[in-house]
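Source file: data_15.cif (mmCIF, N, CA and C atoms)
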data_final
loop_
_atom_site.label_atom_id
_atom_site.label_comp_id
_atom_site.auth_asym_id
_atom_site.auth_seq_id
_atom_site.Cartn_x
_atom_site.Cartn_y
_atom_site.Cartn_z
N MET A 1 110.13 26.28 61.06
CA MET A 1 109.35 25.06 60.92
C MET A 1 107.87 25.35 61.09
N ALA A 2 107.53 26.35 61.90
CA ALA A 2 106.13 26.68 62.14
C ALA A 2 105.43 27.09 60.85
N VAL A 3 106.14 27.85 60.00
CA VAL A 3 105.55 28.27 58.73
C VAL A 3 105.34 27.06 57.82
N LEU A 4 106.33 26.17 57.76
CA LEU A 4 106.19 24.97 56.93
C LEU A 4 105.08 24.07 57.44
N LEU A 5 104.95 23.94 58.75
CA LEU A 5 103.89 23.12 59.32
C LEU A 5 102.53 23.73 59.01
N ALA A 6 102.41 25.04 59.12
CA ALA A 6 101.14 25.71 58.80
C ALA A 6 100.80 25.51 57.32
N THR A 7 101.81 25.59 56.45
CA THR A 7 101.58 25.38 55.02
C THR A 7 101.12 23.95 54.76
N ALA A 8 101.77 23.00 55.42
CA ALA A 8 101.39 21.59 55.24
C ALA A 8 99.98 21.34 55.75
N MET A 9 99.64 21.89 56.90
CA MET A 9 98.31 21.69 57.46
C MET A 9 97.25 22.33 56.56
N ALA A 10 97.56 23.49 55.98
CA ALA A 10 96.60 24.13 55.08
C ALA A 10 96.42 23.31 53.80
N ALA A 11 97.48 22.61 53.39
CA ALA A 11 97.41 21.81 52.17
C ALA A 11 96.65 20.51 52.38
N LEU A 12 96.49 20.11 53.62
CA LEU A 12 95.76 18.88 53.90
C LEU A 12 94.29 19.14 53.67
N SER A 13 93.67 18.28 52.88
CA SER A 13 92.31 18.54 52.45
C SER A 13 91.27 18.13 53.48
N SER A 14 91.64 17.32 54.45
CA SER A 14 90.63 16.83 55.37
C SER A 14 91.28 16.33 56.65
N ASP A 15 90.76 15.23 57.18
CA ASP A 15 91.19 14.68 58.46
C ASP A 15 92.63 14.17 58.42
N VAL A 16 93.39 14.48 59.47
CA VAL A 16 94.72 13.89 59.64
C VAL A 16 94.52 12.53 60.28
N LEU A 17 95.07 11.49 59.65
CA LEU A 17 94.91 10.12 60.13
C LEU A 17 96.15 9.59 60.84
N LEU A 18 97.32 10.13 60.49
CA LEU A 18 98.57 9.63 61.04
C LEU A 18 99.59 10.76 61.08
N LYS A 19 100.31 10.88 62.22
CA LYS A 19 101.43 11.81 62.34
C LYS A 19 102.65 11.01 62.74
N VAL A 20 103.74 11.21 62.00
CA VAL A 20 104.99 10.51 62.28
C VAL A 20 106.08 11.55 62.41
N SER A 21 106.77 11.56 63.56
CA SER A 21 107.90 12.45 63.77
C SER A 21 109.16 11.72 63.30
N ILE A 22 109.95 12.39 62.43
CA ILE A 22 111.13 11.76 61.83
C ILE A 22 112.33 12.67 62.04
N ALA A 23 113.34 12.17 62.78
CA ALA A 23 114.57 12.93 63.02
C ALA A 23 115.40 12.95 61.75
N GLN A 24 116.05 14.08 61.48
CA GLN A 24 116.92 14.27 60.31
C GLN A 24 116.22 13.88 59.02
N LEU A 25 114.98 14.33 58.88
CA LEU A 25 114.18 14.02 57.69
C LEU A 25 114.78 14.65 56.45
N ASP A 26 115.02 13.85 55.44
CA ASP A 26 115.41 14.32 54.11
C ASP A 26 114.15 14.19 53.25
N ALA A 27 113.45 15.30 53.03
CA ALA A 27 112.14 15.27 52.38
C ALA A 27 112.21 14.69 50.96
N ALA A 28 113.26 15.01 50.21
CA ALA A 28 113.36 14.51 48.83
C ALA A 28 113.53 13.00 48.81
N ARG A 29 114.40 12.48 49.67
CA ARG A 29 114.61 11.02 49.72
C ARG A 29 113.38 10.31 50.28
N MET A 30 112.73 10.93 51.26
CA MET A 30 111.53 10.33 51.83
C MET A 30 110.41 10.29 50.80
N GLU A 31 110.27 11.34 50.01
CA GLU A 31 109.25 11.35 48.95
C GLU A 31 109.54 10.24 47.93
N ALA A 32 110.79 10.08 47.55
CA ALA A 32 111.16 9.01 46.62
C ALA A 32 110.87 7.64 47.24
N TRP A 33 111.13 7.49 48.54
CA TRP A 33 110.85 6.23 49.24
C TRP A 33 109.35 5.95 49.25
N LEU A 34 108.54 6.98 49.50
CA LEU A 34 107.09 6.82 49.49
C LEU A 34 106.58 6.42 48.11
N LEU A 35 107.16 6.99 47.07
CA LEU A 35 106.73 6.66 45.71
C LEU A 35 107.03 5.20 45.36
N ARG A 36 108.00 4.58 46.04
CA ARG A 36 108.35 3.18 45.77
C ARG A 36 107.54 2.20 46.62
N ARG A 37 106.66 2.67 47.50
CA ARG A 37 105.87 1.77 48.34
C ARG A 37 104.91 0.98 47.46
N PRO A 38 104.67 -0.29 47.80
CA PRO A 38 103.78 -1.14 47.00
C PRO A 38 102.30 -0.98 47.39
N PHE A 39 101.76 0.21 47.19
CA PHE A 39 100.37 0.47 47.57
C PHE A 39 99.40 -0.47 46.86
N ALA A 40 99.65 -0.75 45.59
CA ALA A 40 98.76 -1.62 44.81
C ALA A 40 98.73 -3.04 45.36
N ALA A 41 99.80 -3.48 46.01
CA ALA A 41 99.82 -4.83 46.59
C ALA A 41 98.92 -4.91 47.82
N VAL A 42 98.72 -3.80 48.50
CA VAL A 42 97.85 -3.77 49.68
C VAL A 42 96.39 -3.85 49.27
N LEU A 43 96.04 -3.16 48.20
CA LEU A 43 94.66 -3.12 47.69
C LEU A 43 94.67 -3.53 46.22
N PRO A 44 94.82 -4.83 45.93
CA PRO A 44 94.99 -5.25 44.53
C PRO A 44 93.78 -5.00 43.63
N LEU A 45 92.59 -4.89 44.18
CA LEU A 45 91.40 -4.67 43.34
C LEU A 45 91.01 -3.21 43.22
N GLN A 46 91.65 -2.34 44.01
CA GLN A 46 91.31 -0.92 44.01
C GLN A 46 92.24 -0.17 43.05
N PRO A 47 91.70 0.43 41.98
CA PRO A 47 92.57 1.24 41.11
C PRO A 47 93.10 2.45 41.87
N LEU A 48 94.41 2.69 41.78
CA LEU A 48 95.06 3.77 42.51
C LEU A 48 95.87 4.63 41.55
N LEU A 49 96.02 5.90 41.90
CA LEU A 49 96.91 6.80 41.20
C LEU A 49 97.82 7.42 42.26
N VAL A 50 99.13 7.22 42.13
CA VAL A 50 100.10 7.75 43.08
C VAL A 50 100.97 8.75 42.33
N ARG A 51 101.03 9.98 42.85
CA ARG A 51 101.85 11.02 42.22
C ARG A 51 102.33 12.02 43.26
N PRO A 52 103.44 12.73 42.98
CA PRO A 52 103.92 13.74 43.92
C PRO A 52 102.89 14.86 44.08
N ILE A 53 102.87 15.46 45.27
CA ILE A 53 101.98 16.60 45.51
C ILE A 53 102.41 17.75 44.61
N SER A 54 101.43 18.36 43.98
CA SER A 54 101.71 19.50 43.12
C SER A 54 100.65 20.55 43.37
N PRO A 55 100.96 21.78 43.61
CA PRO A 55 102.29 22.36 43.72
C PRO A 55 102.88 22.13 45.11
N GLN A 56 104.20 22.23 45.21
CA GLN A 56 104.88 22.07 46.49
C GLN A 56 105.24 23.45 47.01
N PRO A 57 105.39 23.75 48.29
CA PRO A 57 105.33 22.83 49.41
C PRO A 57 103.90 22.46 49.73
N PRO A 58 103.66 21.45 50.46
CA PRO A 58 104.62 20.55 51.07
C PRO A 58 105.07 19.48 50.09
N ALA A 59 106.20 18.86 50.40
CA ALA A 59 106.66 17.70 49.64
C ALA A 59 105.79 16.52 50.05
N GLY A 60 105.77 15.48 49.24
CA GLY A 60 105.00 14.30 49.58
C GLY A 60 104.29 13.73 48.37
N ILE A 61 103.31 12.88 48.63
CA ILE A 61 102.57 12.24 47.54
C ILE A 61 101.07 12.27 47.80
N ASP A 62 100.32 12.23 46.73
CA ASP A 62 98.88 12.03 46.79
C ASP A 62 98.59 10.64 46.26
N LEU A 63 97.83 9.86 47.01
CA LEU A 63 97.37 8.55 46.58
C LEU A 63 95.87 8.69 46.38
N THR A 64 95.42 8.58 45.14
CA THR A 64 94.01 8.80 44.82
C THR A 64 93.35 7.48 44.47
N PHE A 65 92.19 7.22 45.08
CA PHE A 65 91.39 6.06 44.71
C PHE A 65 90.65 6.41 43.43
N ARG A 66 90.66 5.51 42.47
CA ARG A 66 90.03 5.76 41.18
C ARG A 66 88.79 4.88 41.00
N ARG A 67 87.90 5.31 40.16
CA ARG A 67 86.72 4.52 39.78
C ARG A 67 86.35 4.87 38.35
N LYS A 68 85.50 4.04 37.76
CA LYS A 68 85.04 4.31 36.41
C LYS A 68 84.12 5.53 36.45
N PRO A 69 84.43 6.58 35.70
CA PRO A 69 83.58 7.77 35.73
C PRO A 69 82.20 7.50 35.13
N SER A 70 81.21 8.17 35.68
CA SER A 70 79.86 8.08 35.14
C SER A 70 79.34 9.51 34.95
N HIS A 71 78.11 9.64 34.48
CA HIS A 71 77.56 10.98 34.26
C HIS A 71 77.33 11.72 35.58
N SER A 72 77.16 10.98 36.69
CA SER A 72 76.92 11.64 37.98
C SER A 72 78.16 11.71 38.87
N LYS A 73 79.19 10.89 38.60
CA LYS A 73 80.39 10.87 39.42
C LYS A 73 81.62 10.94 38.53
N GLY A 74 82.65 11.60 39.04
CA GLY A 74 83.91 11.68 38.31
C GLY A 74 84.75 10.43 38.55
N GLY A 75 85.98 10.46 38.08
CA GLY A 75 86.88 9.31 38.19
C GLY A 75 87.64 9.23 39.49
N THR A 76 87.53 10.25 40.35
CA THR A 76 88.23 10.27 41.63
C THR A 76 87.29 9.86 42.75
N ASP A 77 87.76 8.98 43.63
CA ASP A 77 86.93 8.49 44.74
C ASP A 77 87.68 8.68 46.07
N GLY A 78 88.18 9.90 46.29
CA GLY A 78 88.91 10.19 47.53
C GLY A 78 90.34 9.70 47.46
N GLY A 79 90.97 9.56 48.64
CA GLY A 79 92.34 9.08 48.69
C GLY A 79 93.05 9.51 49.95
N LEU A 80 94.37 9.45 49.92
CA LEU A 80 95.21 9.83 51.05
C LEU A 80 96.31 10.76 50.57
N ARG A 81 96.65 11.73 51.40
CA ARG A 81 97.78 12.63 51.12
C ARG A 81 98.85 12.38 52.17
N TYR A 82 100.07 12.13 51.70
CA TYR A 82 101.24 11.91 52.55
C TYR A 82 102.11 13.16 52.43
N ALA A 83 101.99 14.10 53.37
CA ALA A 83 102.70 15.37 53.31
C ALA A 83 103.92 15.34 54.23
N LEU A 84 105.05 15.85 53.73
CA LEU A 84 106.30 15.87 54.48
C LEU A 84 106.65 17.31 54.86
N VAL A 85 107.00 17.52 56.11
CA VAL A 85 107.43 18.82 56.59
C VAL A 85 108.82 18.65 57.17
N ALA A 86 109.82 19.21 56.48
CA ALA A 86 111.20 19.08 56.94
C ALA A 86 111.43 20.00 58.14
N GLY A 87 112.24 19.52 59.10
CA GLY A 87 112.55 20.31 60.29
C GLY A 87 113.69 21.26 60.05
N GLU A 88 113.79 22.28 60.89
CA GLU A 88 114.88 23.24 60.82
C GLU A 88 116.10 22.66 61.53
N ALA A 89 117.29 22.95 61.02
CA ALA A 89 118.52 22.45 61.61
C ALA A 89 118.67 22.93 63.06
N ALA A 90 118.22 24.16 63.34
CA ALA A 90 118.32 24.70 64.70
C ALA A 90 117.41 23.96 65.68
N GLU A 91 116.38 23.31 65.18
CA GLU A 91 115.43 22.59 66.03
C GLU A 91 115.72 21.10 66.07
N GLY A 92 116.93 20.70 65.70
CA GLY A 92 117.30 19.29 65.75
C GLY A 92 116.98 18.54 64.47
N GLY A 93 116.43 19.21 63.48
CA GLY A 93 116.17 18.58 62.20
C GLY A 93 115.00 17.61 62.18
N ALA A 94 114.20 17.55 63.24
CA ALA A 94 113.05 16.63 63.25
C ALA A 94 111.97 17.15 62.32
N GLY A 95 111.55 16.28 61.40
CA GLY A 95 110.48 16.62 60.48
C GLY A 95 109.25 15.80 60.80
N MET A 96 108.26 15.91 59.93
CA MET A 96 107.00 15.24 60.19
C MET A 96 106.41 14.70 58.89
N LEU A 97 105.81 13.52 58.99
CA LEU A 97 105.00 12.95 57.92
C LEU A 97 103.56 12.99 58.41
N LEU A 98 102.71 13.68 57.67
CA LEU A 98 101.29 13.79 58.01
C LEU A 98 100.49 13.08 56.92
N VAL A 99 99.69 12.10 57.32
CA VAL A 99 98.83 11.39 56.36
C VAL A 99 97.40 11.84 56.63
N SER A 100 96.76 12.37 55.59
CA SER A 100 95.39 12.87 55.75
C SER A 100 94.48 12.28 54.69
N ARG A 101 93.21 12.32 54.96
CA ARG A 101 92.18 11.82 54.06
C ARG A 101 91.86 12.90 53.02
N ILE A 102 91.75 12.48 51.77
CA ILE A 102 91.24 13.35 50.71
C ILE A 102 89.80 12.93 50.48
N SER A 103 88.87 13.79 50.85
CA SER A 103 87.45 13.46 50.77
C SER A 103 86.83 13.82 49.43
N GLU A 104 87.53 14.61 48.63
CA GLU A 104 87.00 15.08 47.35
C GLU A 104 86.61 13.92 46.44
N GLY A 105 85.35 13.91 46.04
CA GLY A 105 84.85 12.88 45.13
C GLY A 105 84.47 11.58 45.81
N GLN A 106 84.67 11.50 47.11
CA GLN A 106 84.42 10.24 47.82
C GLN A 106 82.92 10.07 48.06
N ALA A 107 82.35 9.01 47.49
CA ALA A 107 80.93 8.74 47.65
C ALA A 107 80.68 7.88 48.89
N VAL A 108 81.58 6.96 49.17
CA VAL A 108 81.47 6.05 50.30
C VAL A 108 82.78 6.10 51.08
N ARG A 109 82.71 6.10 52.40
CA ARG A 109 83.92 6.10 53.22
C ARG A 109 84.81 4.92 52.87
N LYS A 110 86.10 5.14 52.88
CA LYS A 110 87.08 4.11 52.54
C LYS A 110 87.87 3.69 53.78
N SER A 111 87.19 3.49 54.90
CA SER A 111 87.86 3.18 56.16
C SER A 111 88.72 1.93 56.08
N PHE A 112 88.21 0.86 55.47
CA PHE A 112 88.99 -0.38 55.36
C PHE A 112 90.27 -0.14 54.56
N SER A 113 90.13 0.53 53.41
CA SER A 113 91.28 0.80 52.56
C SER A 113 92.29 1.70 53.26
N GLU A 114 91.81 2.75 53.94
CA GLU A 114 92.71 3.65 54.66
C GLU A 114 93.46 2.91 55.75
N ARG A 115 92.75 2.09 56.51
CA ARG A 115 93.38 1.33 57.59
C ARG A 115 94.44 0.36 57.04
N ALA A 116 94.13 -0.33 55.93
CA ALA A 116 95.08 -1.27 55.34
C ALA A 116 96.34 -0.55 54.86
N LEU A 117 96.17 0.60 54.21
CA LEU A 117 97.32 1.36 53.72
C LEU A 117 98.17 1.90 54.86
N LEU A 118 97.53 2.39 55.93
CA LEU A 118 98.29 2.92 57.07
C LEU A 118 99.01 1.81 57.83
N THR A 119 98.37 0.65 57.94
CA THR A 119 99.02 -0.48 58.61
C THR A 119 100.27 -0.88 57.85
N ARG A 120 100.19 -0.93 56.52
CA ARG A 120 101.36 -1.29 55.71
C ARG A 120 102.44 -0.22 55.83
N LEU A 121 102.05 1.06 55.82
CA LEU A 121 103.03 2.14 55.95
C LEU A 121 103.76 2.05 57.28
N LEU A 122 103.02 1.81 58.36
CA LEU A 122 103.66 1.69 59.68
C LEU A 122 104.64 0.52 59.72
N ALA A 123 104.30 -0.59 59.08
CA ALA A 123 105.21 -1.73 59.01
C ALA A 123 106.45 -1.37 58.18
N ASP A 124 106.25 -0.66 57.08
CA ASP A 124 107.37 -0.26 56.22
C ASP A 124 108.28 0.76 56.91
N LEU A 125 107.71 1.61 57.77
CA LEU A 125 108.51 2.61 58.47
C LEU A 125 109.52 1.98 59.44
N GLU A 126 109.25 0.75 59.86
CA GLU A 126 110.20 0.06 60.75
C GLU A 126 111.51 -0.23 60.04
N THR A 127 111.50 -0.30 58.72
CA THR A 127 112.71 -0.55 57.94
C THR A 127 113.07 0.66 57.09
N LEU A 128 112.73 1.86 57.56
CA LEU A 128 113.03 3.09 56.83
C LEU A 128 114.55 3.24 56.68
N PRO A 129 115.05 3.48 55.45
CA PRO A 129 116.48 3.67 55.27
C PRO A 129 117.00 4.88 56.06
N ASP A 130 118.21 4.78 56.55
CA ASP A 130 118.80 5.85 57.36
C ASP A 130 118.89 7.18 56.62
N GLU A 131 119.09 7.14 55.29
CA GLU A 131 119.23 8.39 54.55
C GLU A 131 117.92 9.18 54.48
N CYS A 132 116.79 8.53 54.75
CA CYS A 132 115.50 9.24 54.77
C CYS A 132 115.27 9.92 56.11
N GLY A 133 115.79 9.34 57.17
CA GLY A 133 115.59 9.85 58.52
C GLY A 133 115.37 8.70 59.48
N LYS A 134 115.08 9.04 60.73
CA LYS A 134 114.84 8.02 61.75
C LYS A 134 113.52 8.32 62.45
N VAL A 135 112.63 7.35 62.48
CA VAL A 135 111.31 7.53 63.09
C VAL A 135 111.47 7.69 64.60
N CYS A 136 110.94 8.80 65.13
CA CYS A 136 111.00 9.07 66.57
C CYS A 136 109.70 8.68 67.27
N ALA A 137 108.57 9.02 66.64
CA ALA A 137 107.27 8.77 67.27
C ALA A 137 106.19 8.70 66.21
N THR A 138 105.15 7.93 66.51
CA THR A 138 103.99 7.87 65.61
C THR A 138 102.72 8.10 66.42
N LEU A 139 101.76 8.73 65.79
CA LEU A 139 100.44 8.93 66.40
C LEU A 139 99.41 8.55 65.35
N ASN A 140 98.79 7.38 65.55
CA ASN A 140 97.80 6.87 64.62
C ASN A 140 96.43 7.35 65.09
N LEU A 141 95.84 8.29 64.36
CA LEU A 141 94.57 8.88 64.74
C LEU A 141 93.37 8.14 64.15
N LEU A 142 93.63 7.12 63.33
CA LEU A 142 92.56 6.35 62.72
C LEU A 142 91.95 5.37 63.70
N GLU A 143 92.73 4.92 64.68
CA GLU A 143 92.23 3.92 65.63
C GLU A 143 91.41 4.53 66.72
#

Is it possible to express this structure as structure tokens?
Amino acid sequence: MAVLLATAMAALSSDVLLKVSIAQLDAARMEAWLLRRPFAAVLPLQPLLVRPISPQPPAGIDLTFRRKPSHSKGGTDGGLRYALVAGEAAEGGAGMLLVSRISEGQAVRKSFSERALLTRLLADLETLPDECGKVCATLNLLE
């Protein structure tokens, strides 16, 4: 698990905002569950692009804030990365969900948007399906 955690941490582009410990994490099912989250309903006026992290590992999704490209700025305006690190069976199978800030292309901090998305995720995690895993602990570093 230490190697997977190091890989996930290296893949995180910036600040870690949220750490969630999940017992018996099934990374594939959790990634599918994350892709079904209603991110656009949380920020209806903010254009978003949600896609699986590529290349893997780690499993998870990238949520990118979009904007109209101009000659001085590209179409990406930062975002959030939801990285999943599956636990080893010998260690009890506890995995981790790490949510980090993607600062690339970000002209203005997106603190309000990040807080709204994390608040919704924490509420959704209370009803996480059993096949994805069971939430053991959360550490919200944004507050």

**Asked** When the PyMOL selection byres (((chain A and resi 43-57 and name CA) around 9) and name CA) is applied to the file above, which residues end up in the set, as a PyMOL selection string?
**Response** chain A and resi 4+7-8+11+31+35+39-42+58-67+79+81-85+113+116-117

**Asked** Of the residues A:Leu139, A:Leu80, A:Pro38, A:Asp130, which is the one nearest to Glu114 (chain A), using all atoms listed in the file?
**Response** A:Leu80

**Request:** Output as a PyMOL selection string all residues of region 23-132 of chain A that backbone DSSP marks as alpha helix (DSSP H).
**Result:** chain A and resi 27-35+39-42+111-125

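In this model, the gap between atom N of Ala32 (chain A) and atom N of Arg115 (chain A) comes to 21.7 Å.
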
**Asked** Leaving out Val16 (chain A) and any residue of its chain fewer than 3 positions from it, which residues lie within 7 Å of it when counting all atoms listed in the file, given as number ranges by chain?
**Response** A: 19, 98-101, 141-142

**Item:** For atom N of Leu97 (chain A) and atom C of Gly78 (chain A), the interatomic separation in Å (one decimal)
**Value:** 19.7 Å

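The space separating CA of Ser111 (chain A) from CA of Ile22 (chain A) comes to 25.4 Å.
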